[in-house]
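entry.cif follows (mmCIF, C-alpha atoms):
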data_final
#
loop_
_atom_site.label_atom_id
_atom_site.label_comp_id
_atom_site.auth_asym_id
_atom_site.auth_seq_id
_atom_site.Cartn_x
_atom_site.Cartn_y
_atom_site.Cartn_z
CA MET A 1383 -34.53 -14.73 43.79
CA ASN A 1384 -32.22 -14.68 46.83
CA THR A 1385 -30.14 -11.61 47.45
CA PRO A 1386 -26.66 -12.28 46.02
CA ASP A 1387 -23.77 -12.18 48.47
CA HIS A 1388 -20.81 -9.86 48.15
CA ASP A 1389 -18.65 -12.46 46.33
CA THR A 1390 -21.33 -12.88 43.70
CA TYR A 1391 -21.46 -9.14 43.18
CA ARG A 1392 -17.67 -9.14 42.80
CA GLU A 1393 -17.99 -11.74 40.04
CA TRP A 1394 -20.75 -9.74 38.41
CA LEU A 1395 -18.49 -6.69 38.20
CA HIS A 1396 -16.43 -8.12 35.38
CA LEU A 1397 -19.55 -9.34 33.60
CA GLU A 1398 -20.88 -5.79 33.91
CA ALA A 1399 -17.68 -4.44 32.38
CA ASP A 1400 -18.18 -6.81 29.45
CA GLY A 1401 -21.89 -6.05 29.10
CA GLU A 1402 -22.74 -9.67 29.86
CA LEU A 1403 -25.15 -9.15 32.76
CA SER A 1404 -28.85 -9.73 32.30
CA PRO A 1405 -31.07 -6.65 32.81
CA ALA A 1406 -32.27 -8.02 36.16
CA GLN A 1407 -28.69 -8.63 37.36
CA HIS A 1408 -27.68 -5.21 36.13
CA THR A 1409 -30.42 -3.56 38.17
CA ARG A 1410 -29.40 -5.48 41.29
CA LEU A 1411 -25.77 -4.61 40.81
CA GLU A 1412 -26.61 -0.93 40.34
CA ALA A 1413 -28.41 -0.98 43.66
CA HIS A 1414 -25.45 -2.69 45.30
CA LEU A 1415 -22.95 -0.27 43.80
CA ALA A 1416 -24.86 2.64 45.28
CA THR A 1417 -23.98 1.35 48.73
CA CYS A 1418 -20.59 -0.35 48.23
CA ALA A 1419 -17.57 1.83 47.65
CA ASP A 1420 -15.26 -1.17 47.31
CA CYS A 1421 -17.24 -2.63 44.41
CA ARG A 1422 -17.43 0.79 42.75
CA ARG A 1423 -13.66 0.99 42.88
CA GLN A 1424 -13.31 -2.55 41.52
CA LEU A 1425 -15.60 -1.79 38.61
CA GLN A 1426 -13.65 1.36 37.89
CA GLU A 1427 -10.46 -0.69 37.81
CA TYR A 1428 -11.96 -3.22 35.41
CA ARG A 1429 -12.96 -0.43 33.09
CA ALA A 1430 -9.55 1.17 33.41
CA LEU A 1431 -8.00 -2.18 32.51
CA ASP A 1432 -10.17 -2.44 29.40
CA GLY A 1433 -9.19 1.10 28.44
CA LEU A 1434 -5.52 0.32 29.00
CA ILE A 1435 -5.72 -2.73 26.74
CA ALA A 1436 -7.65 -0.80 24.10
CA ARG A 1437 -4.94 1.87 24.03
CA GLY A 1438 -2.41 -0.87 23.33
CA SER A 1439 -4.14 -1.87 20.08
CA LEU A 1440 -2.02 -2.30 17.01
CA PRO A 1441 -3.29 -0.24 14.05
CA VAL A 1442 -3.91 -2.28 10.94
CA ARG A 1443 -1.76 -1.45 7.93
CA GLU A 1444 -3.51 0.74 5.40
CA ASP A 1445 -2.85 -1.70 2.56
CA PHE A 1446 -4.07 -4.72 4.50
CA LYS A 1447 -7.54 -4.94 2.98
CA SER A 1448 -6.37 -4.35 -0.58
CA GLY A 1449 -3.71 -7.01 -0.03
CA VAL A 1450 -6.33 -9.51 1.10
CA MET A 1451 -8.67 -8.73 -1.78
CA ALA A 1452 -5.86 -9.02 -4.31
CA SER A 1453 -4.86 -12.37 -2.84
CA LEU A 1454 -8.25 -14.04 -3.11
CA PRO A 1455 -7.83 -17.07 -5.34
CA VAL A 1456 -10.27 -18.59 -7.77
CA VAL A 1457 -12.15 -21.07 -5.68
CA GLY A 1458 -14.20 -24.12 -6.48
CA TRP A 1459 -17.48 -22.76 -5.14
CA GLU A 1460 -17.34 -19.81 -7.56
CA ALA A 1461 -17.23 -22.14 -10.55
CA ARG A 1462 -20.04 -24.26 -9.14
CA HIS A 1463 -22.27 -21.28 -8.58
CA PRO A 1464 -25.31 -20.79 -10.90
CA ARG A 1465 -24.05 -17.36 -11.95
CA THR A 1466 -21.36 -19.16 -13.92
CA TRP A 1467 -24.10 -20.78 -15.98
CA ARG A 1468 -26.26 -17.69 -16.28
CA PHE A 1469 -24.74 -16.56 -19.56
CA PRO A 1470 -24.86 -19.93 -21.39
CA ALA A 1471 -28.41 -20.49 -20.12
CA ALA A 1472 -29.45 -17.06 -21.40
CA VAL A 1473 -27.92 -17.81 -24.82
CA PHE A 1474 -29.73 -21.13 -24.98
CA ALA A 1475 -33.04 -19.49 -24.05
CA LEU A 1476 -32.49 -16.80 -26.66
CA PHE A 1477 -31.87 -19.34 -29.43
CA ALA A 1478 -34.80 -21.46 -28.33
CA GLY A 1479 -37.05 -18.40 -28.41
CA LEU A 1480 -35.71 -17.35 -31.78
CA ALA A 1481 -36.33 -20.79 -33.23
CA ALA A 1482 -39.86 -20.84 -31.82
CA ALA A 1483 -40.54 -17.44 -33.36
CA LEU A 1484 -39.22 -18.56 -36.75
CA VAL A 1485 -41.37 -21.66 -36.71
CA SER A 1486 -44.43 -19.68 -35.61
CA PHE A 1487 -44.16 -16.88 -38.12
CA GLY A 1488 -42.34 -18.56 -40.99
CA SER A 1489 -44.73 -21.43 -41.60
CA GLU A 1490 -47.33 -21.38 -44.33
CA GLY A 1491 -50.99 -22.00 -43.74
CA PRO A 1492 -52.78 -21.37 -40.50
CA ALA A 1493 -50.59 -19.97 -37.71
CA PRO A 1494 -49.65 -22.75 -35.32
CA SER A 1495 -50.52 -22.42 -31.69
CA GLY A 1496 -47.81 -21.78 -29.08
CA LEU A 1497 -47.90 -25.45 -28.05
CA SER A 1498 -47.41 -26.75 -31.58
CA ALA A 1499 -44.53 -24.28 -31.98
CA LEU A 1500 -42.87 -25.78 -28.92
CA PHE A 1501 -43.36 -29.28 -30.33
CA ALA A 1502 -41.81 -28.09 -33.57
CA VAL A 1503 -38.80 -26.70 -31.69
CA ALA A 1504 -38.47 -29.98 -29.81
CA GLY A 1505 -38.58 -31.80 -33.14
CA LEU A 1506 -35.91 -29.54 -34.52
CA LEU A 1507 -33.72 -30.11 -31.48
CA ARG A 1508 -34.19 -33.87 -31.76
CA ALA A 1509 -33.27 -33.74 -35.42
CA ALA A 1510 -30.23 -31.62 -34.61
CA VAL A 1511 -29.09 -34.10 -31.95
CA GLN A 1512 -29.56 -37.00 -34.36
CA ALA A 1513 -27.66 -35.16 -37.06
CA GLY A 1514 -24.90 -34.29 -34.61
CA ALA A 1515 -24.63 -37.88 -33.46
CA GLY A 1516 -24.42 -39.08 -37.05
CA LEU A 1517 -21.80 -36.48 -37.87
CA LEU A 1518 -19.76 -37.45 -34.83
CA ALA A 1519 -19.91 -41.12 -35.74
CA ALA A 1520 -18.90 -40.33 -39.31
CA SER A 1521 -16.03 -38.13 -38.30
CA TRP A 1522 -14.78 -40.29 -35.44
CA LYS A 1523 -12.18 -41.79 -37.66
CA GLY A 1524 -11.18 -38.35 -38.88
CA LEU A 1525 -10.89 -37.14 -35.28
CA GLY A 1526 -8.70 -40.10 -34.46
CA MET A 1527 -6.44 -39.27 -37.37
CA ALA A 1528 -6.23 -35.63 -36.35
CA PHE A 1529 -5.39 -36.65 -32.80
CA GLY A 1530 -2.69 -38.95 -34.10
CA ASP A 1531 -1.24 -36.07 -36.12
CA VAL A 1532 -1.15 -33.82 -33.08
CA MET A 1533 0.57 -36.46 -30.97
CA SER A 1534 3.12 -37.27 -33.62
CA SER A 1535 4.83 -33.89 -33.69
CA PRO A 1536 6.23 -32.07 -30.61
CA LEU A 1537 5.43 -28.73 -32.28
CA SER A 1538 1.78 -29.51 -32.88
CA LEU A 1539 1.50 -31.09 -29.44
CA GLY A 1540 2.98 -27.94 -27.86
CA THR A 1541 0.65 -25.73 -29.89
CA ALA A 1542 -2.36 -27.76 -28.82
CA ALA A 1543 -1.27 -27.64 -25.16
CA PHE A 1544 -0.79 -23.87 -25.43
CA LEU A 1545 -4.27 -23.44 -26.90
CA VAL A 1546 -5.82 -25.56 -24.16
CA LEU A 1547 -3.98 -23.52 -21.51
CA CYS A 1548 -5.18 -20.23 -23.09
CA LEU A 1549 -8.75 -21.49 -23.17
CA ASN A 1550 -8.54 -22.49 -19.50
CA LEU A 1551 -7.17 -19.11 -18.50
CA LEU A 1552 -9.91 -17.41 -20.48
CA LEU A 1553 -12.52 -19.53 -18.76
CA ILE A 1554 -11.08 -18.78 -15.32
CA SER A 1555 -11.03 -15.05 -16.00
CA LEU A 1556 -14.64 -15.19 -17.19
CA ILE A 1557 -15.68 -17.07 -14.06
CA ARG A 1558 -13.95 -14.69 -11.70
CA ARG A 1559 -14.99 -11.47 -13.39
CA ARG A 1560 -13.45 -9.34 -10.65
CA LYS A 1561 -13.69 -5.60 -10.68
CA PRO A 1562 -10.45 -4.01 -11.87
CA ALA A 1563 -10.10 -2.11 -8.59
CA ALA A 1564 -9.59 -5.33 -6.66
CA SER A 1565 -6.91 -6.70 -8.90
CA GLU A 1566 -5.18 -3.37 -9.30
CA ALA A 1567 -5.17 -2.85 -5.58
CA ALA A 1568 -1.99 -2.48 -3.72
CA VAL A 1569 0.56 -5.19 -3.69
CA PRO A 1570 0.00 -7.71 -0.91
CA ALA A 1571 1.47 -6.62 2.36
CA ASN A 1572 5.20 -6.56 2.05
CA ARG A 1573 6.37 -7.64 5.40
CA LYS A 1574 10.02 -6.80 5.32
CA GLY A 1575 10.03 -4.18 2.61
CA GLY A 1576 9.07 -0.77 3.83
CA ASN A 1577 8.92 -1.79 7.46
CA GLY A 1578 5.54 -0.17 7.19
CA LYS A 1579 4.12 -1.92 10.19
CA ASN A 1580 1.86 0.09 12.42
CA ALA A 1581 0.68 2.31 9.65
CA GLY A 1582 -1.27 5.22 11.00
CA MET B 1350 -31.53 3.23 -1.04
CA ASN B 1351 -30.34 3.51 2.50
CA ARG B 1352 -27.54 1.00 2.74
CA GLY B 1353 -25.56 2.73 5.41
CA ALA B 1354 -28.38 2.88 7.93
CA GLU B 1355 -28.17 -0.74 9.02
CA GLN B 1356 -25.14 -2.97 8.80
CA PRO B 1357 -25.91 -6.33 7.20
CA ALA B 1358 -25.27 -9.35 9.40
CA ASP B 1359 -22.15 -11.39 8.72
CA GLU B 1360 -24.30 -14.29 7.60
CA ASP B 1361 -26.08 -12.06 5.05
CA LEU B 1362 -22.74 -10.90 3.70
CA VAL B 1363 -21.60 -14.50 3.32
CA ALA B 1364 -24.83 -15.33 1.49
CA ALA B 1365 -24.28 -12.36 -0.84
CA ILE B 1366 -20.71 -13.46 -1.55
CA LEU B 1367 -21.81 -17.01 -2.29
CA ALA B 1368 -24.50 -15.61 -4.57
CA GLY B 1369 -21.81 -14.02 -6.70
CA ASP B 1370 -21.06 -10.65 -5.09
CA ALA B 1371 -17.47 -11.48 -4.17
CA GLU B 1372 -16.64 -7.84 -3.47
CA ARG B 1373 -18.75 -8.01 -0.30
CA PHE B 1374 -15.92 -10.00 1.23
CA GLY B 1375 -14.26 -6.61 1.58
CA ASP B 1376 -17.00 -5.66 4.05
CA LEU B 1377 -16.14 -8.67 6.17
CA VAL B 1378 -12.46 -7.75 5.99
CA ASP B 1379 -13.31 -4.21 7.13
CA ARG B 1380 -15.33 -5.58 9.97
CA TYR B 1381 -12.77 -8.03 11.33
CA GLN B 1382 -9.32 -6.86 10.30
CA GLY B 1383 -8.61 -4.87 13.48
CA ARG B 1384 -9.71 -7.59 15.85
CA LEU B 1385 -8.04 -10.34 13.89
CA VAL B 1386 -4.69 -8.60 13.51
CA ASN B 1387 -4.62 -7.61 17.20
CA TYR B 1388 -5.61 -11.07 18.34
CA LEU B 1389 -2.85 -12.64 16.25
CA PHE B 1390 -0.41 -9.91 17.25
CA ARG B 1391 -0.82 -10.82 20.91
CA LEU B 1392 -0.38 -14.50 20.14
CA LEU B 1393 2.59 -14.16 17.79
CA ARG B 1394 4.04 -10.98 19.31
CA ASN B 1395 5.15 -9.67 15.97
CA ALA B 1396 3.26 -7.10 13.90
CA ASP B 1397 4.46 -8.36 10.51
CA ASP B 1398 3.67 -11.98 11.32
CA ALA B 1399 0.27 -10.97 12.65
CA HIS B 1400 -0.60 -9.10 9.45
CA ASP B 1401 0.66 -11.90 7.23
CA LEU B 1402 -1.16 -14.60 9.13
CA ALA B 1403 -4.36 -12.54 9.31
CA GLN B 1404 -4.23 -12.28 5.52
CA GLU B 1405 -3.69 -16.02 5.19
CA VAL B 1406 -6.59 -16.71 7.54
CA LEU B 1407 -8.95 -14.47 5.58
CA VAL B 1408 -7.96 -16.08 2.29
CA LYS B 1409 -8.41 -19.53 3.82
CA VAL B 1410 -11.85 -18.56 5.08
CA TYR B 1411 -12.81 -17.21 1.66
CA GLN B 1412 -11.75 -20.45 0.01
CA ALA B 1413 -13.91 -22.47 2.38
CA LEU B 1414 -16.84 -20.06 2.43
CA ASP B 1415 -19.23 -22.53 0.84
CA ARG B 1416 -18.64 -24.88 3.75
CA TYR B 1417 -19.61 -22.24 6.32
CA ASP B 1418 -22.54 -23.38 8.46
CA PRO B 1419 -24.79 -20.36 9.11
CA GLN B 1420 -26.15 -21.87 12.30
CA TYR B 1421 -22.87 -20.76 13.90
CA ARG B 1422 -21.63 -17.20 14.05
CA PHE B 1423 -19.18 -16.22 11.34
CA SER B 1424 -16.85 -14.69 13.95
CA THR B 1425 -16.69 -17.99 15.86
CA TRP B 1426 -15.59 -19.74 12.71
CA LEU B 1427 -13.12 -17.01 11.77
CA PHE B 1428 -11.40 -16.97 15.15
CA ARG B 1429 -11.29 -20.76 15.29
CA VAL B 1430 -9.43 -20.77 11.98
CA ALA B 1431 -7.20 -17.95 13.25
CA GLN B 1432 -6.39 -19.72 16.49
CA ASN B 1433 -5.51 -22.97 14.74
CA ALA B 1434 -3.35 -21.11 12.23
CA ALA B 1435 -1.54 -19.23 14.98
CA ILE B 1436 -0.87 -22.38 16.97
CA ASP B 1437 0.42 -24.08 13.82
CA GLN B 1438 2.71 -21.16 13.13
CA ILE B 1439 4.00 -21.06 16.67
CA ARG B 1440 4.78 -24.76 16.47
CA ARG B 1441 6.25 -24.53 13.00
CA ARG B 1442 8.54 -21.69 13.72
CA ARG B 1443 9.32 -22.93 17.18
CA LEU B 1444 8.57 -19.49 18.46
CA LYS B 1445 10.31 -19.11 21.75
CA LEU B 1446 8.15 -17.53 24.35
CA VAL B 1447 10.98 -15.60 25.91
CA SER B 1448 10.13 -12.53 27.83
CA LEU B 1449 9.74 -9.22 26.13
CA ARG B 1450 12.43 -7.71 28.28
CA GLN B 1451 14.94 -10.36 27.26
CA GLU B 1452 14.35 -9.65 23.58
CA VAL B 1453 14.84 -5.96 24.13
CA ASP B 1454 18.02 -6.64 26.07
CA GLU B 1455 19.34 -8.72 23.19
CA GLY B 1456 19.01 -5.68 20.97
CA GLU B 1457 16.42 -7.10 18.58
CA GLU B 1458 14.19 -4.70 16.75
CA ARG B 1459 11.06 -3.90 18.71
CA ASP B 1460 8.30 -4.31 16.19
CA TRP B 1461 5.47 -4.10 18.68
CA ASP B 1462 5.87 -0.40 19.30
CA LEU B 1463 2.42 1.00 19.42
CA PRO B 1464 1.33 4.51 18.56
CA SER B 1465 1.78 6.70 21.54
CA PRO B 1466 -1.20 8.59 22.81
CA ASP B 1467 1.21 10.48 25.04
CA ARG B 1468 3.44 13.14 23.62
CA GLY B 1469 6.92 14.12 24.70
CA PRO B 1470 9.86 12.03 25.91
CA TYR B 1471 8.22 11.11 29.20
CA GLY B 1472 4.97 10.19 27.44
CA GLU B 1473 6.84 8.03 24.94
CA MET B 1474 8.69 6.27 27.70
CA ARG B 1475 5.54 5.73 29.69
CA ASN B 1476 3.76 4.41 26.61
CA ARG B 1477 6.57 1.98 25.95
CA GLU B 1478 6.52 0.81 29.54
CA ARG B 1479 2.80 0.37 29.31
CA GLY B 1480 3.01 -1.63 26.08
CA ASP B 1481 5.71 -3.85 27.57
CA ALA B 1482 3.73 -4.32 30.75
CA ILE B 1483 0.57 -5.35 28.88
CA GLN B 1484 2.44 -7.91 26.82
CA GLN B 1485 4.29 -9.24 29.86
CA ALA B 1486 1.08 -9.50 31.83
CA ILE B 1487 -0.60 -11.40 28.99
CA ASP B 1488 2.39 -13.68 28.50
CA ALA B 1489 2.46 -14.44 32.21
CA LEU B 1490 -1.09 -15.77 32.15
CA PRO B 1491 -1.47 -19.55 32.06
CA TRP B 1492 -2.49 -20.61 28.55
CA GLU B 1493 -6.01 -21.63 29.57
CA TYR B 1494 -6.68 -18.08 30.75
CA ARG B 1495 -4.64 -16.33 28.12
CA GLU B 1496 -6.48 -17.80 25.14
CA LEU B 1497 -9.81 -16.72 26.58
CA ILE B 1498 -8.56 -13.25 27.50
CA LEU B 1499 -7.24 -12.77 23.97
CA LEU B 1500 -10.51 -13.91 22.40
CA ARG B 1501 -12.47 -11.59 24.68
CA HIS B 1502 -10.30 -8.47 24.71
CA PHE B 1503 -8.74 -8.55 21.27
CA GLY B 1504 -11.16 -10.74 19.33
CA GLU B 1505 -14.04 -8.95 21.10
CA LEU B 1506 -16.09 -12.13 21.08
CA PRO B 1507 -19.04 -12.40 23.47
CA TYR B 1508 -18.86 -15.07 26.17
CA GLU B 1509 -21.29 -17.35 24.42
CA GLU B 1510 -19.22 -17.41 21.25
CA ILE B 1511 -16.06 -18.08 23.21
CA ALA B 1512 -17.80 -20.97 24.94
CA ARG B 1513 -18.84 -22.39 21.58
CA LEU B 1514 -15.43 -21.87 20.02
CA LYS B 1515 -13.61 -23.51 22.92
CA GLN B 1516 -16.36 -26.07 23.46
CA MET B 1517 -16.56 -25.15 27.14
CA PRO B 1518 -19.58 -24.59 29.35
CA LEU B 1519 -20.50 -20.92 29.59
CA GLY B 1520 -19.94 -20.96 33.35
CA THR B 1521 -16.36 -22.17 32.86
CA VAL B 1522 -15.70 -19.36 30.39
CA LYS B 1523 -17.05 -16.78 32.83
CA ASN B 1524 -14.98 -18.20 35.64
CA LYS B 1525 -11.75 -18.35 33.64
CA LEU B 1526 -12.22 -14.86 32.27
CA PHE B 1527 -12.87 -13.57 35.76
CA ARG B 1528 -9.70 -15.12 37.08
CA GLY B 1529 -7.63 -14.14 34.07
CA ARG B 1530 -8.80 -10.57 34.22
CA GLN B 1531 -8.09 -10.46 37.94
CA MET B 1532 -4.52 -11.59 37.26
CA LEU B 1533 -4.13 -8.96 34.54
CA LYS B 1534 -5.49 -6.28 36.82
CA ASP B 1535 -3.09 -7.20 39.59
CA LYS B 1536 -0.10 -7.13 37.26
CA LEU B 1537 -1.09 -3.86 35.61
CA GLN B 1538 -2.15 -2.08 38.78
CA ASP B 1539 0.49 0.62 38.35
CA PHE B 1540 -0.89 1.63 34.96
CA LEU B 1541 -4.57 1.66 35.76
CA SER B 1542 -4.51 5.23 36.96
CA ASP B 1543 -2.83 6.53 33.75
#

Output the file's structure in the form of structure tokens.
Amino acid sequence: MNTPDHDTYREWLHLEADGELSPAQHTRLEAHLATCADCRRQLQEYRALDGLIARGSLPVREDFKSGVMASLPVVGWEARHPRTWRFPAAVFALFAGLAAALVSFGSEGPAPSGLSALFAVAGLLRAAVQAGAGLLAASWKGLGMAFGDVMSSPLSLGTAAFLVLCLNLLLISLIRRRKPAASEAAVPANRKGGNGKNAG
Amino acid sequence: MNRGAEQPADEDLVAAILAGDAERFGDLVDRYQGRLVNYLFRLLRNADDAHDLAQEVLVKVYQALDRYDPQYRFSTWLFRVAQNAAIDQIRRRRLKLVSLRQEVDEGEERDWDLPSPDRGPYGEMRNRERGDAIQQAIDALPWEYRELILLRHFGELPYEEIARLKQMPLGTVKNKLFRGRQMLKDKLQDFLSD
């Protein structure tokens, strides 16, 4: 590598102040600084400038973080995340296991193998789905009538809307499941209120 | 469990948040609040606006966290959002970039008073002069230098991240920062020996 000229060293000084020089460049600059009083003074000035700017930093308000955390909204990716489905999946697995156990231990005759128990559970599920489908078909008319009743009266319509809203809020709160500390945290930064800028 | 020994990377924190540990977002807030507020403060020149916008930026980032691409640094993304938000706000509010001195002369409240490291009346006065001088020197920089100086000195971003954020070659960033810093140094020469 050629020996850098003085202008290059001058440009390196500010990279040195920012810690952006490569180790090889740093070593070369050190050697140059040992012999160049002008560059030493320049580097000192760059560092003094950085110190001056650092002393002019604005302290962050003490309630800033709590304000941010309290302002975090419910977001789409939270609802899409698998953790949202962890609880229903666990319940399903529990019932499936329970059913398998009942079939295994409740049947007469020779104990069925694990595989036949699974087939039995699948058969039960299929039967349940068929029964459900039949029930739905049979009650479709009844559902239509009930829907018509709800729509016919403002009071029942309002009650139904209220129930749907409550269920949605419940679902949202279950999805978020925030720790109380975050929601109880300080009120979001009140900009004009206490004129509490520059806290600290 | 020795959690405090090594700070998790930003990208690991984002992964933890997306995996359901939303409280870890507080760690990211801790990590960036100072830099973000100061960066916005120097752009907007108002402490309240800087805090409010920093909060908005963090909330916006949280909302879009699932769209974060981990091949880029989190800080690059954060400061890009912050810069866009600040520019929008400056446009929206038609913030007039009048000089600091003029605002003081008009008797408006000075909300950029910074804590004084110097005690006593002379120290307070000197600190105020220094704060004014820094802001004036920054405001006097051409925008192309100023935005890089703010990202470097207040956002504390390394050169490579600034280059990526501004979509500039690294050499251009180095050159502009060199020139910008030289201008700042010349303007603040009287305070460098403080």

**Prompt:** Using the chain letters and numbers from the file, which residues does the PyMOL selection byres ((chain A and resi 1390-1401) around 7) grab, as a ChimeraX atom specification?
**Reply:** /A:1386-1389,1402-1403,1411,1421,1425,1428-1429 /B:1527

Write the residues of the selection above to a file with C-alpha atoms, as a PDB file, in the frame of the given file.
ATOM      1  CA  PRO A1386     -26.660 -12.280  46.020  1.00  0.00           C
ATOM      2  CA  ASP A1387     -23.770 -12.180  48.470  1.00  0.00           C
ATOM      3  CA  HIS A1388     -20.810  -9.860  48.150  1.00  0.00           C
ATOM      4  CA  ASP A1389     -18.650 -12.460  46.330  1.00  0.00           C
ATOM      5  CA  GLU A1402     -22.740  -9.670  29.860  1.00  0.00           C
ATOM      6  CA  LEU A1403     -25.150  -9.150  32.760  1.00  0.00           C
ATOM      7  CA  LEU A1411     -25.770  -4.610  40.810  1.00  0.00           C
ATOM      8  CA  CYS A1421     -17.240  -2.630  44.410  1.00  0.00           C
ATOM      9  CA  LEU A1425     -15.600  -1.790  38.610  1.00  0.00           C
ATOM     10  CA  TYR A1428     -11.960  -3.220  35.410  1.00  0.00           C
ATOM     11  CA  ARG A1429     -12.960  -0.430  33.090  1.00  0.00           C
TER      12      ARG A1429
ATOM     13  CA  PHE B1527     -12.870 -13.570  35.760  1.00  0.00           C
TER      14      PHE B1527
END

**Asked** Counting all atoms listed in the file, which residues of chain B come no farther than 9 Å from chain A, as a PyMOL selection string?
**Response** chain B and resi 1367-1369+1371-1372+1374-1375+1378-1379+1382-1383+1386-1387+1390+1396-1398+1400-1401+1403-1405+1407-1409+1411-1415+1460-1466+1476+1479-1480+1483+1501-1503+1507-1508+1523-1524+1526-1527+1530-1531+1533-1534+1537-1538+1540-1543

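Neighbouring residues of Phe1428 (chain B) at 10 Å or closer, counting only C-alpha atoms and skipping chain neighbours under 3 positions away, are Tyr1381, Arg1384, Leu1385, Tyr1388, Leu1389, Val1406, Phe1423, Ser1424, Thr1425, Ala1431, Gln1432, Asn1433, Ala1434, Leu1500, Gly1504, Leu1506, Glu1510, Ile1511 and Leu1514 of chain B.
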
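Against the coordinates shown, the PyMOL selection byres ((chain B and resi 1490) around 12) returns B:Ile1483, B:Gln1484, B:Gln1485, B:Ala1486, B:Ile1487, B:Asp1488, B:Ala1489, B:Pro1491, B:Trp1492, B:Glu1493, B:Tyr1494, B:Arg1495, B:Glu1496, B:Leu1497, B:Ile1498, B:Leu1499, B:Lys1525, B:Leu1526, B:Arg1528, B:Gly1529, B:Arg1530, B:Gln1531, B:Met1532, B:Leu1533, B:Lys1534, B:Asp1535, B:Lys1536.
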
**Item:** Between CA of Asp1531 (chain A) and CA of Ala1510 (chain A), distance in Å (one decimal)
**Value:** 29.4 Å

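Pairwise distance (CA of Leu1392 (chain B), CA of Trp1426 (chain B)) equals 17.7 Å.
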
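Distance check against Ala1413 (chain A) using all atoms listed in the file: of A:Ala1515, A:Leu1480, A:Thr1385, A:Ser1534, the minimum falls on A:Thr1385.
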
**Message:** Using all atoms listed in the file and a cutoff of 12 Å, can you tell me which residues are near (7.1, -18.5, 13.2) in the file's coordinates, and write them out as a ChimeraX atom specification?
**Reply:** /B:1389,1392-1395,1397-1399,1401-1402,1434-1446

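Counting from CA of Leu1500 (chain A), the distance to CA of Ala1482 (chain A) is 6.5 Å.
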
Please, can region 1477-1490 of chain B be completed to N, CA and C atoms and returned as a compact mmCIF listing (two decimals), in the coordinates of the input?
# COMPACT_ATOMS: atom_id res chain seq x y z
N ARG B 1477 5.79 3.19 26.21
CA ARG B 1477 6.57 1.98 25.95
C ARG B 1477 6.49 1.03 27.15
N GLU B 1478 6.62 1.63 28.31
CA GLU B 1478 6.52 0.81 29.54
C GLU B 1478 5.16 0.13 29.60
N ARG B 1479 4.16 0.89 29.24
CA ARG B 1479 2.80 0.37 29.31
C ARG B 1479 2.61 -0.79 28.32
N GLY B 1480 3.11 -0.58 27.10
CA GLY B 1480 3.01 -1.63 26.08
C GLY B 1480 3.74 -2.90 26.52
N ASP B 1481 4.94 -2.70 27.08
CA ASP B 1481 5.71 -3.85 27.57
C ASP B 1481 4.95 -4.56 28.69
N ALA B 1482 4.41 -3.74 29.59
CA ALA B 1482 3.73 -4.32 30.75
C ALA B 1482 2.51 -5.13 30.32
N ILE B 1483 1.76 -4.61 29.34
CA ILE B 1483 0.57 -5.35 28.88
C ILE B 1483 0.99 -6.69 28.30
N GLN B 1484 2.02 -6.65 27.44
CA GLN B 1484 2.44 -7.91 26.82
C GLN B 1484 2.98 -8.89 27.85
N GLN B 1485 3.74 -8.35 28.82
CA GLN B 1485 4.29 -9.24 29.86
C GLN B 1485 3.17 -9.84 30.70
N ALA B 1486 2.19 -9.01 31.00
CA ALA B 1486 1.08 -9.50 31.83
C ALA B 1486 0.31 -10.59 31.08
N ILE B 1487 0.12 -10.39 29.78
CA ILE B 1487 -0.60 -11.40 28.99
C ILE B 1487 0.23 -12.68 28.89
N ASP B 1488 1.52 -12.51 28.62
CA ASP B 1488 2.39 -13.68 28.50
C ASP B 1488 2.48 -14.47 29.80
N ALA B 1489 2.33 -13.77 30.91
CA ALA B 1489 2.46 -14.44 32.21
C ALA B 1489 1.22 -15.26 32.56
N LEU B 1490 0.14 -15.02 31.85
CA LEU B 1490 -1.09 -15.77 32.15
C LEU B 1490 -0.93 -17.23 31.74
